[in-house]
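Following: one structure in structure tokens, then a few remarks.
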Amino acid sequence: MVPVTASPVRIEASVDARLSRWLWLVKWLLAIPHYIVLFFLWIGFVLVTVIAFFAILFTARYPRSLFDFSVGVLRWNWRVSYYAHTALGTDRYPPFTLADVPDYPARFDVAYPARLSRGLVLVKWWLLAIPQYIVVAMFAGGWGWGGGWGDGHGWRGGGLMPFLSFVAVVILLFTARYPRHLFDFLMGLARWVARVIAYAALMTDQYPPFRLDMGGQESTPIPQPDSPPPAPPASPMTKS
């Protein structure tokens, strides 16, 4: 069996033990303050990505402070999306912060790369990612997270994720139970999209796998590229 390669992109979520049957009807409205903040954060994200492009091209490194900002924007976006559109698996209002919130039901992270390819930065975000963009368009209903991750019109995007999230909450409305298998599948779709976004945003050189890793928790540990490699085992001393 071929081993599964750990992705530097980590996206996780869990469903609340007790979800309101009706709150999902107004979550998009309650999330309006977040949409306003995210509008400006996404502008900053685009500008930072442009700066990072030239930094990687000349230094082979994504400046750490800019990287942390970009991860924070994606993290904030994921929390709001999970609450209001994608899966709608929590009734807990998203916090207004770029930082990781360990006890929030939706979490996102990307391992910081020690070095990035100067050559790949020229082509990965448009040429190499084209097949992934086609898949993401079917999943999210747009060229990116617009249909299922970030905006307030996810259910009008026509993608698979908005449709399945709507089916899930309709089932919740009538049964008071969130369909677990549907949640796992939605998380697999969201995880695929997140990996494509991180790759296209120049945050990793690892090409997103054409693989649906379902379930709320990551099945493989996040790699730590900055950690030193383990020391080789000591060779036994030979007797003279």
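Numbering starts fresh at 1 for the residues of each chain in the structure tokens, the chains themselves are lettered A, B, ... in the order given, and ligands are numbered from 1 as they appear.
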Surrounding residues of range 50-67 of chain A excluding itself and chain neighbours under 2 positions, 9 Å, only C-alpha atoms, as a PyMOL selection string: chain A and resi 45-48+69-72+112-119+121-122+201-203
For the residues in the current selection, export N, CA and C atoms as a compact mmCIF listing (two decimals), in the first residue's frame.
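Here's the written file again.txt:
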# COMPACT_ATOMS: atom_id res chain seq x y z
N PHE A 45 -4.90 40.17 2.04
CA PHE A 45 -4.39 38.86 1.65
C PHE A 45 -3.82 38.89 0.24
N VAL A 46 -4.54 39.52 -0.68
CA VAL A 46 -4.08 39.61 -2.07
C VAL A 46 -2.79 40.42 -2.15
N LEU A 47 -2.75 41.54 -1.46
CA LEU A 47 -1.54 42.37 -1.48
C LEU A 47 -0.34 41.63 -0.89
N VAL A 48 -0.57 40.92 0.21
CA VAL A 48 0.50 40.15 0.84
C VAL A 48 0.99 39.05 -0.09
N PHE A 69 0.10 36.18 8.69
CA PHE A 69 -1.08 36.97 8.37
C PHE A 69 -1.98 36.22 7.39
N SER A 70 -1.38 35.67 6.34
CA SER A 70 -2.16 34.94 5.34
C SER A 70 -2.87 33.74 5.96
N VAL A 71 -2.16 32.99 6.80
CA VAL A 71 -2.78 31.86 7.48
C VAL A 71 -3.94 32.35 8.36
N GLY A 72 -3.73 33.48 9.03
CA GLY A 72 -4.78 34.03 9.88
C GLY A 72 -6.03 34.39 9.11
N TYR A 112 4.68 26.23 8.20
CA TYR A 112 5.54 27.22 7.55
C TYR A 112 6.67 26.50 6.80
N PRO A 113 6.84 26.81 5.51
CA PRO A 113 7.90 26.15 4.72
C PRO A 113 9.26 26.81 4.94
N ALA A 114 10.28 26.00 5.17
CA ALA A 114 11.63 26.56 5.34
C ALA A 114 12.12 27.23 4.06
N ARG A 115 11.82 26.61 2.93
CA ARG A 115 12.19 27.18 1.63
C ARG A 115 11.11 26.84 0.62
N LEU A 116 10.98 27.70 -0.39
CA LEU A 116 10.04 27.48 -1.48
C LEU A 116 10.78 27.62 -2.81
N SER A 117 10.31 26.90 -3.80
CA SER A 117 10.96 26.91 -5.11
C SER A 117 10.77 28.26 -5.81
N ARG A 118 11.88 28.82 -6.30
CA ARG A 118 11.79 30.08 -7.05
C ARG A 118 11.16 29.87 -8.41
N GLY A 119 11.40 28.70 -8.99
CA GLY A 119 10.83 28.42 -10.31
C GLY A 119 9.34 28.15 -10.26
N VAL A 121 7.16 29.24 -8.23
CA VAL A 121 6.34 30.40 -7.91
C VAL A 121 5.86 31.12 -9.17
N LEU A 122 6.54 30.89 -10.29
CA LEU A 122 6.17 31.53 -11.54
C LEU A 122 4.99 30.85 -12.23
N ALA A 201 -1.96 30.21 -3.35
CA ALA A 201 -1.54 31.41 -2.64
C ALA A 201 -0.05 31.38 -2.29
N LEU A 202 0.70 30.43 -2.87
CA LEU A 202 2.16 30.36 -2.76
C LEU A 202 2.63 29.95 -1.37
N MET A 203 1.78 29.34 -0.57
CA MET A 203 2.13 29.01 0.81
C MET A 203 2.78 27.64 0.94
Those of range 76-182 of chain A in DSSP alpha helix (DSSP H), formatted as a ChimeraX atom specification: /A:76-84,130-140,160-175,180-182
Given only C-alpha atoms as the counted atoms, nearest of A:Asn77, A:Ser20, A:Thr204, A:Ser14 to Gly216 in chain A: A:Ser14
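Taking only C-alpha atoms into account, Pro208 in chain A lies nearest to A:Arg191 out of the set A:Arg18, A:Arg191, A:His181, A:His34.
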Pick from A:Glu12, A:Asp91, A:Asp184, A:Asp213 nearest to Ala106 in chain A, counting only C-alpha atoms: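 Closest residue, counting only C-alpha atoms: A:Glu12.
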Nearest candidate to Ala31 in chain A (options A:Phe96, A:Arg10, A:Ala87, A:Thr5; using only C-alpha atoms):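 Between A:Phe96, A:Arg10, A:Ala87, A:Thr5, the residue approaching Ala31 in chain A most closely is A:Phe96.
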Point-to-point distance from CA of Pro162 in chain A to CA of Phe139 in chain A, Å rounded to tenths: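 CA of Pro162 in chain A sits 8.3 Å away from CA of Phe139 in chain A.
Reported to one decimal place, the separation of CA of Trp125 in chain A from CA of Phe210 in chain A is 16.5 Å.
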Residue with smallest distance to Trp24 in chain A - pool A:Tyr82, A:Trp126, A:Phe163, A:Tyr207, counting only C-alpha atoms: A:Tyr82
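The smallest atom-to-atom distance between Ala13 in chain A and any of A:Ala194, A:Leu160, A:Met187, A:Ala84, using only C-alpha atoms, is found for A:Met187.
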Within 8 Å of Ser165 in chain A using only C-alpha atoms, minus same-chain residues under 5 positions, as number ranges by chain: A: 85-88, 186
Dump C-alpha atoms for the selected residues as a compact mmCIF listing (two decimals), in the first residue's frame?
# COMPACT_ATOMS: atom_id res chain seq x y z
CA HIS A 85 -22.26 28.22 5.03
CA THR A 86 -19.99 25.20 4.79
CA ALA A 87 -21.43 22.37 6.87
CA LEU A 88 -22.97 24.76 9.45
CA LEU A 186 -18.39 17.90 3.27
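Separating CA of Arg177 in chain A from CA of Ala17 in chain A is a distance of 9.3 Å.
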